[in-house]
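Data file: coords-v4.pdb. Format and content: PDB, C-alpha atoms.
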```pdb
ATOM      1  CA  MET A 395      81.212 110.743  31.938
ATOM      2  CA  SER A 396      80.675 109.025  28.621
ATOM      3  CA  THR A 397      78.570 111.151  26.268
ATOM      4  CA  ALA A 398      77.186 110.245  22.862
ATOM      5  CA  SER A 399      74.380 111.276  20.576
ATOM      6  CA  GLY A 400      71.694 108.678  19.957
ATOM      7  CA  PRO A 401      70.027 107.948  16.600
ATOM      8  CA  ALA A 402      67.442 110.716  17.033
ATOM      9  CA  GLY A 403      70.039 113.210  18.261
ATOM     10  CA  HIS A 404      69.266 112.521  21.944
ATOM     11  CA  ARG A 405      72.281 112.951  24.174
ATOM     12  CA  VAL A 406      73.172 109.960  26.307
ATOM     13  CA  GLU A 407      75.347 110.499  29.362
ATOM     14  CA  ILE A 408      76.508 107.502  31.349
ATOM     15  CA  PRO A 409      79.051 107.842  34.165
ATOM     16  CA  LYS A 410      82.151 105.779  33.366
ATOM     17  CA  ASP A 411      81.726 103.747  36.553
ATOM     18  CA  ARG A 412      78.181 102.748  35.449
ATOM     19  CA  LEU A 413      79.062 101.423  31.969
ATOM     20  CA  ILE A 414      80.850  98.110  32.359
ATOM     21  CA  GLN A 415      82.308  95.832  29.674
ATOM     22  CA  ALA A 416      83.191  92.235  30.482
ATOM     23  CA  THR A 417      84.606  89.169  28.756
ATOM     24  CA  THR A 418      83.967  86.659  31.562
ATOM     25  CA  LEU A 419      80.802  85.747  33.430
ATOM     26  CA  ARG A 420      82.496  86.568  36.734
ATOM     27  CA  GLU A 421      83.131  90.121  35.487
ATOM     28  CA  HIS A 422      79.584  90.255  34.090
ATOM     29  CA  ALA A 423      78.030  89.353  37.469
ATOM     30  CA  ARG A 424      80.250  91.710  39.497
ATOM     31  CA  GLY A 425      78.225  94.644  40.820
ATOM     32  CA  SER A 426      74.921  93.215  39.555
ATOM     33  CA  PRO A 427      71.975  92.560  41.883
ATOM     34  CA  VAL A 428      72.630  88.807  41.774
ATOM     35  CA  VAL A 429      72.892  86.487  44.783
ATOM     36  CA  GLU A 430      74.307  83.529  42.863
ATOM     37  CA  THR A 431      75.026  82.516  39.281
ATOM     38  CA  GLY A 432      76.734  79.657  37.529
ATOM     39  CA  VAL A 433      77.283  78.309  34.043
ATOM     40  CA  THR A 434      78.490  75.139  32.380
ATOM     41  CA  PHE A 435      79.837  75.321  28.843
ATOM     42  CA  PHE A 436      79.529  72.154  26.746
ATOM     43  CA  GLN A 437      82.426  72.792  24.380
ATOM     44  CA  ARG A 438      86.166  72.749  24.906
ATOM     45  CA  GLY A 439      88.225  75.890  24.874
ATOM     46  CA  GLU A 440      88.012  79.283  26.453
ATOM     47  CA  PRO A 441      84.394  80.496  26.794
ATOM     48  CA  LYS A 442      83.547  83.328  24.420
ATOM     49  CA  VAL A 443      81.567  85.839  26.453
ATOM     50  CA  ARG A 444      80.856  89.470  25.685
ATOM     51  CA  SER A 445      78.946  91.662  28.085
ATOM     52  CA  LEU A 446      78.010  95.307  28.221
ATOM     53  CA  LYS A 447      75.957  96.626  31.121
ATOM     54  CA  VAL A 448      74.809  99.820  32.734
ATOM     55  CA  ILE A 449      74.212  99.661  36.480
ATOM     56  CA  GLY A 450      72.037 102.091  38.402
ATOM     57  CA  ARG A 451      70.580 101.953  41.896
ATOM     58  CA  ASP A 452      67.167 100.635  40.794
ATOM     59  CA  LEU A 453      67.806  99.669  37.160
ATOM     60  CA  VAL A 454      70.312  97.424  35.392
ATOM     61  CA  LEU A 455      70.566  97.000  31.614
ATOM     62  CA  THR A 456      72.698  94.192  30.214
ATOM     63  CA  ARG A 457      73.547  92.667  26.900
ATOM     64  CA  LEU A 458      75.172  89.263  27.219
ATOM     65  CA  GLN A 459      76.493  87.220  24.318
ATOM     66  CA  MET A 460      77.670  83.634  24.854
ATOM     67  CA  ARG A 461      78.822  81.779  21.738
ATOM     68  CA  GLN A 462      79.163  78.220  23.043
ATOM     69  CA  SER A 463      76.434  75.819  24.110
ATOM     70  CA  PHE A 464      75.712  76.415  27.780
ATOM     71  CA  SER A 465      73.467  75.752  30.743
ATOM     72  CA  ALA A 466      73.252  78.511  33.352
ATOM     73  CA  TYR A 467      71.338  79.556  36.433
ATOM     74  CA  THR A 468      70.904  82.908  38.136
ATOM     75  CA  VAL A 469      69.397  83.861  41.476
ATOM     76  CA  PRO A 470      68.562  87.587  41.421
ATOM     77  CA  GLY A 471      68.735  89.712  44.542
ATOM     78  CA  ALA A 472      65.593  90.047  46.649
ATOM     79  CA  GLY A 473      63.056  92.371  45.065
ATOM     80  CA  TRP A 474      64.579  92.400  41.574
ATOM     81  CA  LEU A 475      62.418  91.848  38.516
ATOM     82  CA  CYS A 476      64.012  90.721  35.229
ATOM     83  CA  PHE A 477      62.784  91.231  31.667
ATOM     84  CA  HIS A 478      64.677  88.724  29.482
ATOM     85  CA  ILE A 479      64.611  89.535  25.802
ATOM     86  CA  PRO A 480      66.525  86.969  23.745
ATOM     87  CA  LEU A 481      67.711  88.714  20.589
ATOM     88  CA  SER A 482      69.120  85.688  18.799
ATOM     89  CA  TRP A 483      70.292  82.107  19.321
ATOM     90  CA  GLN A 484      71.110  78.957  17.364
ATOM     91  CA  GLY A 485      68.997  75.819  17.666
ATOM     92  CA  GLU A 486      66.885  75.557  20.802
ATOM     93  CA  TYR A 487      66.765  78.030  23.666
ATOM     94  CA  TYR A 488      65.151  77.091  26.980
ATOM     95  CA  PHE A 489      64.187  79.320  29.872
ATOM     96  CA  ASP A 490      63.165  77.353  33.000
ATOM     97  CA  ARG A 491      62.475  74.202  30.948
ATOM     98  CA  ARG A 492      60.274  76.076  28.469
ATOM     99  CA  GLU A 493      61.435  76.227  24.872
ATOM    100  CA  MET A 494      61.344  79.829  23.697
ATOM    101  CA  ASP A 495      60.040  80.799  20.277
ATOM    102  CA  ARG A 496      61.411  83.663  18.185
ATOM    103  CA  GLY A 497      59.909  86.974  19.232
ATOM    104  CA  GLU A 498      59.064  85.848  22.783
ATOM    105  CA  ALA A 499      60.420  87.397  25.934
ATOM    106  CA  ILE A 500      59.907  86.548  29.581
ATOM    107  CA  LEU A 501      59.457  88.537  32.752
ATOM    108  CA  THR A 502      60.320  86.897  36.059
ATOM    109  CA  ASP A 503      60.611  87.736  39.720
ATOM    110  CA  ALA A 504      61.419  84.149  40.759
ATOM    111  CA  PRO A 505      63.135  84.427  44.150
ATOM    112  CA  SER A 506      64.639  80.953  43.693
ATOM    113  CA  GLY A 507      66.175  81.988  40.384
ATOM    114  CA  TYR A 508      65.902  80.722  36.854
ATOM    115  CA  PHE A 509      67.717  78.453  34.398
ATOM    116  CA  ALA A 510      68.623  79.020  30.764
ATOM    117  CA  ARG A 511      70.106  76.683  28.175
ATOM    118  CA  GLY A 512      71.065  77.397  24.598
ATOM    119  CA  THR A 513      73.757  77.973  21.991
ATOM    120  CA  ASP A 514      75.190  81.185  20.578
ATOM    121  CA  ARG A 515      72.799  83.360  22.547
ATOM    122  CA  ASP A 516      72.583  87.140  22.425
ATOM    123  CA  ASN A 517      70.318  88.400  25.204
ATOM    124  CA  PHE A 518      69.139  91.793  26.454
ATOM    125  CA  THR A 519      67.993  91.977  30.081
ATOM    126  CA  ILE A 520      66.339  94.793  31.950
ATOM    127  CA  GLY A 521      66.538  94.420  35.720
ATOM    128  CA  VAL A 522      64.384  96.730  37.799
ATOM    129  CA  PHE A 523      63.933  96.926  41.568
ATOM    130  CA  GLU A 524      60.306  95.799  41.863
ATOM    131  CA  PRO A 525      59.300  98.026  44.822
ATOM    132  CA  ARG A 526      60.260 101.094  42.742
ATOM    133  CA  LEU A 527      58.300  99.800  39.738
ATOM    134  CA  THR A 528      55.250  99.027  41.879
ATOM    135  CA  SER A 529      55.440 102.510  43.448
ATOM    136  CA  ALA A 530      55.593 104.086  39.995
ATOM    137  CA  ILE A 531      52.591 102.044  38.822
ATOM    138  CA  ALA A 532      50.682 103.030  41.967
ATOM    139  CA  ALA A 533      51.524 106.694  41.401
ATOM    140  CA  LEU A 534      50.125 106.484  37.872
ATOM    141  CA  SER A 535      46.911 104.741  38.933
ATOM    142  CA  ASP A 536      44.147 106.173  41.066
ATOM    143  CA  HIS A 537      42.898 102.704  41.961
ATOM    144  CA  PHE A 538      46.020 100.570  42.468
ATOM    145  CA  VAL A 539      45.620  98.194  45.402
ATOM    146  CA  GLY A 540      47.684  95.173  46.356
ATOM    147  CA  THR A 541      50.710  93.580  44.800
ATOM    148  CA  ILE A 542      51.711  92.527  41.328
ATOM    149  CA  SER A 543      53.099  89.061  40.635
ATOM    150  CA  PHE A 544      55.472  88.977  37.700
ATOM    151  CA  HIS A 545      56.538  85.344  38.133
ATOM    152  CA  HIS A 546      57.260  83.872  34.704
ATOM    153  CA  PHE A 547      55.075  86.122  32.649
ATOM    154  CA  LEU A 548      55.607  85.234  28.993
ATOM    155  CA  PHE A 549      54.966  87.928  26.427
ATOM    156  CA  ASN A 550      55.447  88.553  22.758
ATOM    157  CA  PRO A 551      56.525  92.176  22.401
ATOM    158  CA  GLY A 552      56.421  92.026  18.622
ATOM    159  CA  PRO A 553      59.000  92.864  16.003
ATOM    160  CA  ALA A 554      58.811  96.643  16.562
ATOM    161  CA  LEU A 555      60.278  96.370  20.075
ATOM    162  CA  PHE A 556      62.929  93.878  18.976
ATOM    163  CA  ASN A 557      63.905  96.133  16.069
ATOM    164  CA  ALA A 558      64.039  99.206  18.326
ATOM    165  CA  ILE A 559      66.240  97.372  20.845
ATOM    166  CA  ALA A 560      68.476  96.006  18.081
ATOM    167  CA  ILE A 561      68.933  99.499  16.603
ATOM    168  CA  GLN A 562      69.797 100.973  20.010
ATOM    169  CA  LEU A 563      72.223  98.142  20.806
ATOM    170  CA  LEU A 564      73.888  98.473  17.417
ATOM    171  CA  HIS A 565      74.260 102.208  17.971
ATOM    172  CA  ALA A 566      75.683 101.656  21.480
ATOM    173  CA  GLU A 567      78.120  99.112  20.070
ATOM    174  CA  GLN A 568      79.290 101.607  17.438
ATOM    175  CA  ILE A 569      79.815 104.239  20.137
ATOM    176  CA  GLU A 570      81.707 101.694  22.244
ATOM    177  CA  GLN A 571      83.963 100.818  19.305
ATOM    178  CA  ARG A 572      84.681 104.497  18.550
ATOM    179  CA  GLN A 573      85.442 105.222  22.193
ATOM    180  CA  GLY A 574      87.615 102.094  22.464
ATOM    181  CA  ALA A 575      89.573 103.195  19.407
ATOM    182  CA  SER A 576      90.130 106.632  20.919
ATOM    183  CA  GLY A 577      91.119 105.186  24.323
ATOM    184  CA  ALA A 578      88.075 106.630  26.093
ATOM    185  CA  LEU A 579      85.200 104.721  27.591
TER     186      LEU A 579
END
```

What is this file in structure tokens?
Amino acid sequence: MSTASGPAGHRVEIPKDRLIQATTLREHARGSPVVETGVTFFQRGEPKVRSLKVIGRDLVLTRLQMRQSFSAYTVPGAGWLCFHIPLSWQGEYYFDRREMDRGEAILTDAPSGYFARGTDRDNFTIGVFEPRLTSAIAALSDHFVGTISFHHFLFNPGPALFNAIAIQLLHAEQIEQRQGASGAL
């Protein structure tokens, strides 16, 4: 069990087998609810990839940094919903042929997958098993009927969310560095 105190003193406990660090896309995809994924890098040399993810039964959190210019596709597992929150990139960043603007994020449940293209991207993704999310929404609503389609829902969460995520990721990175220095995960 990896334990740390968060910025507000909240204790965070993540089983060691749930917190995964990776330096290749193959390692990044391993254990994730992904049917297929692929990437092409447009520069010579070894790809520079850094990934940190937490995997649960119905929830996956990932931070993926790719320094080179790339084009990639991902086909999520059936029933998985993905919130893509690009934190930073250089030049243009495209998600399914749509150029993203700073501060935008996208939510997709595309069963055929999605494409991304960019340079020096740092991305935070929240994957949630949609039937669990829909059940939770139904439990919170007295009048929920039907289904929810999340296919390519573009939203602008605003700077407060981006700042909150950035602070949490920075804190997690500091914990990771301290634990790496001490030999623990």

message: Distance cut-off 8 Å, centre (62.9, 84.5, 43.9) in file coordinates, counting all atoms listed in the file: which residues qualify? Return them as a PyMOL selection string.
response: chain A and resi 469-473+503-507

Can you sort out the box for segment 472-486 of chain A, edges along x, y and z, all listed atoms in, 4 Å on every side, with centre and edge lengths in Å to one decimal, as JSON?
```
{"center_x": 66.8, "center_y": 84.0, "center_z": 32.0, "size_x": 16.7, "size_y": 24.8, "size_z": 37.3}
```

message: Report, in Å to a single decimal, how far apart atom CA of Asp495 of chain A and atom CA of Glu430 of chain A are.
response: 26.9 Å

Applying 10 Å and all atoms listed in the file, which residues near Ala423 of chain A remain after dropping the ones on its own chain fewer than 6 positions away? List them as a PDB file with C-alpha atoms, keeping the file's coordinate frame.
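File produced: selection_17.pdb:
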```pdb
ATOM      1  CA  ALA A 416      83.191  92.235  30.482  1.00  0.00           C
ATOM      2  CA  VAL A 429      72.892  86.487  44.783  1.00  0.00           C
ATOM      3  CA  GLU A 430      74.307  83.529  42.863  1.00  0.00           C
ATOM      4  CA  THR A 431      75.026  82.516  39.281  1.00  0.00           C
ATOM      5  CA  GLY A 432      76.734  79.657  37.529  1.00  0.00           C
ATOM      6  CA  SER A 445      78.946  91.662  28.085  1.00  0.00           C
ATOM      7  CA  LYS A 447      75.957  96.626  31.121  1.00  0.00           C
ATOM      8  CA  THR A 468      70.904  82.908  38.136  1.00  0.00           C
TER       9      THR A 468
END
```

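The gap separating atom CA of Phe436 of chain A from atom CA of Met460 of chain A is 11.8 Å, in Å to one decimal.
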
Pick out the residues sitting within 10 Å of Glu493 of chain A, and hand them over as a CSV table (one decimal) with C-alpha atoms, in the frame of the given file; count all atoms listed in the file, and ignore anything fewer than 4 positions along from it in its own chain.
```csv
chain,number,residue,atom,x,y,z
A,486,GLU,CA,66.9,75.6,20.8
A,487,TYR,CA,66.8,78.0,23.7
A,488,TYR,CA,65.2,77.1,27.0
A,489,PHE,CA,64.2,79.3,29.9
A,510,ALA,CA,68.6,79.0,30.8
A,511,ARG,CA,70.1,76.7,28.2
A,512,GLY,CA,71.1,77.4,24.6
```

Selection dump of the PyMOL selection byres ((chain A and resi 441) around 8), as a list in words: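 When the PyMOL selection byres ((chain A and resi 441) around 8) is applied to the shown file, the picked residues are Thr418, Phe435, Gly439, Glu440, Lys442, Val443, Met460, Arg461 and Gln462 of chain A.
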